[in-house]
Amino acid sequence: MADHISVSQISNYIGQDVVLKGWVYNRTDKGKLSFLLVRDGTGFIQCVAFKGDLTPELFETISHLPQESSVIITGSVREDKRAPGIPGGYEVGIKDLQVVQTADPDYPMSLKDHGPDFALDNRHLWIRMQSQWAILRIRATVMAATREWLDTNGFIEMSTPILTPAAAEGTTTLFETEYFDEGKAYLAQTGQLYNEANIFSFGKVYCFGPTFRAEKSKTRRHLTEFWMLEPEIAFCDLDGLMEVEEQMLTHIIQRVLRDRMPELKSLGRDISKLEKIVAPFPRISYDDAGKMIDELREKETDPEKKALLAFEWGMDFGAPHETAITNQFETPVFVYGYPSAVKAFYMEPWPGRPEVCKSVDLLAPEGYGEIFGGSERMSDHDLLLSRIRAQKLPEEAFKWYLELRKYGSVPHSGFGMGTERVTSWICGIEHIREAIAFPRTIKRVYP
RNA sequence: UCCUGGCUAGCUCAAUUGGCAGAGCGAGCGGCUGUUAACCGCUAGGUUCUAGGUUCAAGUCCUAGGCCAGGAGCCA
């Protein structure tokens, strides 16, 4: 028997006396009544103190409790439609209250809106707010559902190194650090190359960890440190990869809808939009996506937006292009077959069309853009070697990677999922920085 | 790196043509038995980002700098 219960389980205790341990999120006084909105990590619940039920000293204490004071409350649970909270509709009539610590009354995070600078400087306190709590709970469910789907579909989790010897893709900027007498080491921007080794031992694998990008990206879709899931699958072509992606994402959405409905509602998310996210998703080629953009640009009347939609075959899609495409669909949409020139060196060429590669991006609706990026990997040793040489990558560093193509090479594919991008989309929030507890951006490493 | 915008009370913001530094929330005190961003009364709270400059007078105009944000590029 636990010595206290959690708010998330409150509906099991109607009519009973319970003990709650938590923090005063808000307090409203009304004469002989004092309403405390108490959070305990699992939910938010209204606790009501009535002067006539308590000693004068205790009521005086309760009606002056500062926001964020830590408390242990004993009281009786009852249903009441008026009661706010998560799940809401229940409240606790206070019979006793023990103050663990009276919070300093200068707590800076009022329950009103805050600007980004202030909110981020106070991120260690901001995460206590209901909106942030809901987002980060959903994030945890996204991650749990991801692992759940992979683990029940034959994948095993491999940990790939964070400290790596060289640029994996040779294109992006990496964080650099000294590594004893071995020269420079770099924080990993992907575990993919290692997972390509892992599949030859384990078949289907994934890694799920932090990844680092030192690019000076300054947008609502970028973090310098984010959590990326990367499955890699032996004997899998591009079509097989898309199937894995849509099945896994469908599972994630279903699990969030099942387990995090109160959190989604508290964020004001349009649930009906999430309920439509069921595999299969539309698959369109880069060529067709380009034509779609041409048509949309013709229809666009705003000259500024029109200019942003400028497109010619061969260029990568920017954020405005992705938004234009995804606005045509209610589910995520696959765009496959990008020009090889704008993608990484290791992607398998399209049969008969060497200028195109077997790459696929999964773009989320409502303007959220790329959430998954993947490809079928090049499986021919000599072709891969020629690409490494053509891109002037350090051949020695890729010696082991090339060897994978010498000993039992097979068609294989994999993708990366941006956890915070998926979470942002599911939550319907404006900025990716709210989808991780302590965001790292180009201008922030504090707190 | 480039483009754009912002910086005034703890927070969110207002301040007309250059003319007395303001409000709401938060904090403190008091009132009210059903509050949901409660309400009502009272109190405290300011180096207007920094440094120069113009002016009788600068939150406002000029110059330089700092910080933050949004977007582009790049990417998940």
# chains A, B, ... in the order shown; residues from 1 in each chain; ligands from 1
$ closest_atom_pairs --of "chain B" --to "chain A" --cutoff "9 Å" --atoms "only C-alpha atoms (C1' of nucleotides)" --output "JSON lines"
{"residue": "B:U1", "atom": "C1'", "partner": "A:Lys216", "partner_atom": "CA", "distance": 9.0}
{"residue": "B:G10", "atom": "C1'", "partner": "A:Pro108", "partner_atom": "CA", "distance": 6.0}
{"residue": "B:C11", "atom": "C1'", "partner": "A:His114", "partner_atom": "CA", "distance": 6.7}
{"residue": "B:U12", "atom": "C1'", "partner": "A:Asp113", "partner_atom": "CA", "distance": 6.7}
{"residue": "B:C25", "atom": "C1'", "partner": "A:Lys112", "partner_atom": "CA", "distance": 7.3}
{"residue": "B:G26", "atom": "C1'", "partner": "A:Ser110", "partner_atom": "CA", "distance": 6.2}
{"residue": "B:A27", "atom": "C1'", "partner": "A:Asp106", "partner_atom": "CA", "distance": 6.9}
{"residue": "B:G31", "atom": "C1'", "partner": "A:Gly31", "partner_atom": "CA", "distance": 7.5}
{"residue": "B:C32", "atom": "C1'", "partner": "A:Gly31", "partner_atom": "CA", "distance": 4.6}
{"residue": "B:U33", "atom": "C1'", "partner": "A:Lys32", "partner_atom": "CA", "distance": 5.9}
{"residue": "B:G34", "atom": "C1'", "partner": "A:Leu33", "partner_atom": "CA", "distance": 8.1}
{"residue": "B:U35", "atom": "C1'", "partner": "A:Thr28", "partner_atom": "CA", "distance": 6.2}
{"residue": "B:U36", "atom": "C1'", "partner": "A:Pro84", "partner_atom": "CA", "distance": 6.4}
{"residue": "B:A37", "atom": "C1'", "partner": "A:Lys112", "partner_atom": "CA", "distance": 7.2}
{"residue": "B:A38", "atom": "C1'", "partner": "A:Thr28", "partner_atom": "CA", "distance": 7.5}
{"residue": "B:C68", "atom": "C1'", "partner": "A:Asp117", "partner_atom": "CA", "distance": 6.3}
{"residue": "B:A69", "atom": "C1'", "partner": "A:Pro116", "partner_atom": "CA", "distance": 7.6}
{"residue": "B:G70", "atom": "C1'", "partner": "A:Thr219", "partner_atom": "CA", "distance": 7.5}
{"residue": "B:G71", "atom": "C1'", "partner": "A:Thr219", "partner_atom": "CA", "distance": 7.2}
{"residue": "B:G73", "atom": "C1'", "partner": "A:Ser217", "partner_atom": "CA", "distance": 8.4}
{"residue": "B:C74", "atom": "C1'", "partner": "A:Glu215", "partner_atom": "CA", "distance": 6.9}
{"residue": "B:C75", "atom": "C1'", "partner": "A:His222", "partner_atom": "CA", "distance": 8.1}
{"residue": "B:A76", "atom": "C1'", "partner": "A:Gly418", "partner_atom": "CA", "distance": 4.1}
$ select_by_dssp --residues "stretch 154-231 of chain A" --states "helix (DSSP H, G or I)" --output "list in words"
Gln192, Leu193, Tyr194, Asn195, Glu196, Ala197, Asn198, Ile199, Phe200, Ser201 and Phe202 of chain A
$ write_last_selection --atoms "C-alpha atoms" --output "compact mmCIF listing (two decimals), in the first residue's frame"
# COMPACT_ATOMS: atom_id res chain seq x y z
CA GLN A 192 23.86 5.47 -39.38
CA LEU A 193 27.24 4.28 -40.62
CA TYR A 194 27.72 2.23 -37.47
CA ASN A 195 24.25 0.81 -37.82
CA GLU A 196 25.12 -0.24 -41.34
CA ALA A 197 27.82 -2.36 -39.73
CA ASN A 198 25.40 -3.56 -37.06
CA ILE A 199 22.82 -4.94 -39.50
CA PHE A 200 25.33 -7.45 -40.85
CA SER A 201 25.38 -8.97 -37.38
CA PHE A 202 21.83 -8.31 -36.18
$ select_by_dssp --residues "stretch 215-319 of chain A" --states "strand (DSSP E or B)" --output "ChimeraX atom specification"
/A:225-234,283-285
$ residues_around --residues "B:G18" --least-positions-apart "4" --cutoff "9 Å" --atoms "only C-alpha atoms (C1' of nucleotides)" --output "number ranges by chain"
B: 55, 57-58, 60-61
$ residues_around --residues "B:U43" --least-positions-apart "3" --cutoff "12 Å" --atoms "only C-alpha atoms (C1' of nucleotides)" --output "VMD selection string"
chain B and resid 27 to 30
$ write_last_selection --atoms "N, CA, C and O atoms (P, O5', C5', C4', C3', O3' and C1' of nucleotides)" --output "tab-separated table (two decimals), in the first residue's frame"
chain	number	residue	atom	x	y	z
B	27	A	P	1.08	36.32	-6.56
B	27	A	O5'	2.09	37.36	-5.89
B	27	A	C5'	3.47	37.05	-5.74
B	27	A	C4'	4.18	38.14	-4.97
B	27	A	C3'	3.48	38.57	-3.68
B	27	A	O3'	3.76	37.70	-2.61
B	27	A	C1'	4.10	40.48	-4.92
B	28	G	P	2.64	37.39	-1.55
B	28	G	O5'	2.55	38.76	-0.74
B	28	G	C5'	3.63	39.18	0.09
B	28	G	C4'	3.29	40.47	0.76
B	28	G	C3'	1.92	40.53	1.43
B	28	G	O3'	1.92	39.92	2.70
B	28	G	C1'	2.24	42.48	0.15
B	29	C	P	0.60	39.23	3.23
B	29	C	O5'	-0.34	40.48	3.57
B	29	C	C5'	0.01	41.37	4.64
B	29	C	C4'	-1.01	42.48	4.72
B	29	C	C3'	-2.47	42.04	4.77
B	29	C	O3'	-2.87	41.56	6.04
B	29	C	C1'	-2.25	43.83	3.25
B	30	G	P	-3.99	40.40	6.07
B	30	G	O5'	-5.31	41.17	5.63
B	30	G	C5'	-5.88	42.14	6.50
B	30	G	C4'	-7.00	42.87	5.84
B	30	G	C3'	-8.19	42.02	5.36
B	30	G	O3'	-9.04	41.60	6.42
B	30	G	C1'	-7.64	43.61	3.70
$ residues_around --residues "stretch 156-164 of chain A" --least-positions-apart "3" --cutoff "7 Å" --atoms "only C-alpha atoms (C1' of nucleotides)" --output "NGL selection string"
:A and (151 or 185-188 or 191 or 194 or 204-207)
$ residues_around --residues "A:Tyr25" --least-positions-apart "3" --cutoff "9 Å" --atoms "only C-alpha atoms (C1' of nucleotides)" --output "list of chain:residue names"
A:Leu36, A:Leu37, A:Val38, A:Arg39, A:Phe44, A:Gln67, A:Glu68, A:Ser69, A:Leu111, A:Arg128, A:Met129, A:Gln130
$ decode --residues "stretch 218-340 of chain A" --atoms "C-alpha atoms" --output "mmCIF file, in the first residue's frame"
data_model
loop_
_atom_site.group_PDB
_atom_site.id
_atom_site.type_symbol
_atom_site.label_atom_id
_atom_site.label_comp_id
_atom_site.auth_asym_id
_atom_site.auth_seq_id
_atom_site.Cartn_x
_atom_site.Cartn_y
_atom_site.Cartn_z
ATOM 1 C CA LYS A 218 18.203 29.775 -36.582
ATOM 2 C CA THR A 219 14.664 28.634 -37.144
ATOM 3 C CA ARG A 220 11.771 27.201 -35.187
ATOM 4 C CA ARG A 221 12.602 23.748 -36.601
ATOM 5 C CA HIS A 222 16.236 23.444 -35.479
ATOM 6 C CA LEU A 223 18.151 22.485 -32.376
ATOM 7 C CA THR A 224 21.903 21.989 -32.143
ATOM 8 C CA GLU A 225 21.339 18.949 -29.919
ATOM 9 C CA PHE A 226 18.351 16.749 -30.667
ATOM 10 C CA TRP A 227 17.308 13.144 -30.216
ATOM 11 C CA MET A 228 17.310 11.098 -33.363
ATOM 12 C CA LEU A 229 15.977 7.621 -33.894
ATOM 13 C CA GLU A 230 17.773 5.731 -36.653
ATOM 14 C CA PRO A 231 16.560 2.284 -37.717
ATOM 15 C CA GLU A 232 18.620 0.362 -40.252
ATOM 16 C CA ILE A 233 17.368 -2.752 -42.026
ATOM 17 C CA ALA A 234 19.148 -5.456 -44.001
ATOM 18 C CA PHE A 235 17.458 -6.863 -47.116
ATOM 19 C CA CYS A 236 15.202 -3.817 -47.375
ATOM 20 C CA ASP A 237 14.643 -1.599 -50.398
ATOM 21 C CA LEU A 238 13.127 1.861 -50.626
ATOM 22 C CA ASP A 239 9.519 0.607 -50.788
ATOM 23 C CA GLY A 240 10.087 -1.607 -47.770
ATOM 24 C CA LEU A 241 11.542 1.357 -45.917
ATOM 25 C CA MET A 242 8.487 3.525 -46.554
ATOM 26 C CA GLU A 243 6.294 0.747 -45.195
ATOM 27 C CA VAL A 244 8.313 0.603 -41.983
ATOM 28 C CA GLU A 245 8.154 4.382 -41.616
ATOM 29 C CA GLU A 246 4.401 4.658 -42.042
ATOM 30 C CA GLN A 247 3.645 1.688 -39.792
ATOM 31 C CA MET A 248 5.879 2.971 -37.032
ATOM 32 C CA LEU A 249 4.528 6.514 -37.215
ATOM 33 C CA THR A 250 0.943 5.273 -37.186
ATOM 34 C CA HIS A 251 1.721 3.309 -34.038
ATOM 35 C CA ILE A 252 3.264 6.369 -32.380
ATOM 36 C CA ILE A 253 0.207 8.507 -33.132
ATOM 37 C CA GLN A 254 -2.223 5.828 -31.958
ATOM 38 C CA ARG A 255 -0.329 5.373 -28.725
ATOM 39 C CA VAL A 256 -0.268 9.118 -28.018
ATOM 40 C CA LEU A 257 -4.000 9.344 -28.754
ATOM 41 C CA ARG A 258 -4.614 6.448 -26.380
ATOM 42 C CA ASP A 259 -2.403 7.535 -23.488
ATOM 43 C CA ARG A 260 -2.027 11.304 -23.711
ATOM 44 C CA MET A 261 -5.451 12.629 -24.608
ATOM 45 C CA PRO A 262 -5.722 14.957 -21.562
ATOM 46 C CA GLU A 263 -2.333 16.446 -22.392
ATOM 47 C CA LEU A 264 -3.286 16.958 -26.059
ATOM 48 C CA LYS A 265 -6.539 18.621 -25.042
ATOM 49 C CA SER A 266 -4.815 20.881 -22.540
ATOM 50 C CA LEU A 267 -2.587 22.057 -25.388
ATOM 51 C CA GLY A 268 -5.646 22.825 -27.475
ATOM 52 C CA ARG A 269 -4.569 20.358 -30.154
ATOM 53 C CA ASP A 270 -7.088 19.597 -32.909
ATOM 54 C CA ILE A 271 -7.464 15.890 -32.181
ATOM 55 C CA SER A 272 -9.378 15.174 -35.389
ATOM 56 C CA LYS A 273 -6.275 16.033 -37.417
ATOM 57 C CA LEU A 274 -4.228 13.436 -35.539
ATOM 58 C CA GLU A 275 -6.932 10.804 -35.861
ATOM 59 C CA LYS A 276 -6.519 10.952 -39.647
ATOM 60 C CA ILE A 277 -2.877 9.897 -39.424
ATOM 61 C CA VAL A 278 -3.133 6.250 -40.444
ATOM 62 C CA ALA A 279 -0.921 4.364 -42.918
ATOM 63 C CA PRO A 280 -0.533 4.208 -45.859
ATOM 64 C CA PHE A 281 0.681 7.709 -46.641
ATOM 65 C CA PRO A 282 0.793 9.184 -50.153
ATOM 66 C CA ARG A 283 4.047 8.640 -52.054
ATOM 67 C CA ILE A 284 5.073 11.197 -54.620
ATOM 68 C CA SER A 285 8.286 11.458 -56.569
ATOM 69 C CA TYR A 286 10.586 14.455 -56.431
ATOM 70 C CA ASP A 287 9.736 15.059 -60.100
ATOM 71 C CA ASP A 288 5.997 15.206 -59.376
ATOM 72 C CA ALA A 289 6.542 17.277 -56.232
ATOM 73 C CA GLY A 290 8.458 19.767 -58.381
ATOM 74 C CA LYS A 291 5.528 19.992 -60.807
ATOM 75 C CA MET A 292 3.177 20.463 -57.869
ATOM 76 C CA ILE A 293 5.290 23.370 -56.659
ATOM 77 C CA ASP A 294 5.265 24.927 -60.120
ATOM 78 C CA GLU A 295 1.471 24.807 -60.147
ATOM 79 C CA LEU A 296 1.167 26.188 -56.628
ATOM 80 C CA ARG A 297 3.578 28.992 -57.467
ATOM 81 C CA GLU A 298 1.413 29.943 -60.453
ATOM 82 C CA LYS A 299 -1.624 30.217 -58.160
ATOM 83 C CA GLU A 300 0.218 32.185 -55.477
ATOM 84 C CA THR A 301 -0.700 35.876 -55.518
ATOM 85 C CA ASP A 302 1.576 37.182 -52.768
ATOM 86 C CA PRO A 303 4.787 38.153 -54.630
ATOM 87 C CA GLU A 304 6.963 37.471 -51.591
ATOM 88 C CA LYS A 305 5.646 33.938 -51.149
ATOM 89 C CA LYS A 306 5.806 33.441 -54.896
ATOM 90 C CA ALA A 307 9.516 34.225 -54.875
ATOM 91 C CA LEU A 308 10.112 31.748 -52.050
ATOM 92 C CA LEU A 309 8.500 29.042 -54.164
ATOM 93 C CA ALA A 310 10.974 29.524 -57.014
ATOM 94 C CA PHE A 311 12.055 26.077 -58.139
ATOM 95 C CA GLU A 312 13.995 24.338 -60.837
ATOM 96 C CA TRP A 313 14.814 20.656 -61.149
ATOM 97 C CA GLY A 314 17.940 19.723 -59.244
ATOM 98 C CA MET A 315 17.585 21.943 -56.196
ATOM 99 C CA ASP A 316 16.630 20.677 -52.770
ATOM 100 C CA PHE A 317 13.287 21.693 -51.316
ATOM 101 C CA GLY A 318 13.391 24.495 -48.762
ATOM 102 C CA ALA A 319 10.942 24.998 -45.946
ATOM 103 C CA PRO A 320 8.491 27.017 -48.112
ATOM 104 C CA HIS A 321 8.433 24.234 -50.717
ATOM 105 C CA GLU A 322 7.799 21.575 -48.095
ATOM 106 C CA THR A 323 5.008 23.610 -46.569
ATOM 107 C CA ALA A 324 3.368 24.100 -49.963
ATOM 108 C CA ILE A 325 3.492 20.381 -50.700
ATOM 109 C CA THR A 326 2.278 19.215 -47.303
ATOM 110 C CA ASN A 327 -0.621 21.668 -47.328
ATOM 111 C CA GLN A 328 -2.095 19.533 -50.122
ATOM 112 C CA PHE A 329 -2.436 16.544 -47.782
ATOM 113 C CA GLU A 330 -3.996 15.696 -44.434
ATOM 114 C CA THR A 331 -1.470 12.976 -43.605
ATOM 115 C CA PRO A 332 2.289 12.969 -43.816
ATOM 116 C CA VAL A 333 3.505 12.503 -47.371
ATOM 117 C CA PHE A 334 6.548 10.669 -48.731
ATOM 118 C CA VAL A 335 8.673 12.471 -51.299
ATOM 119 C CA TYR A 336 11.170 10.085 -52.871
ATOM 120 C CA GLY A 337 13.796 10.111 -55.593
ATOM 121 C CA TYR A 338 15.685 13.343 -54.914
ATOM 122 C CA PRO A 339 18.558 14.427 -57.147
ATOM 123 C CA SER A 340 21.731 12.664 -56.017
#
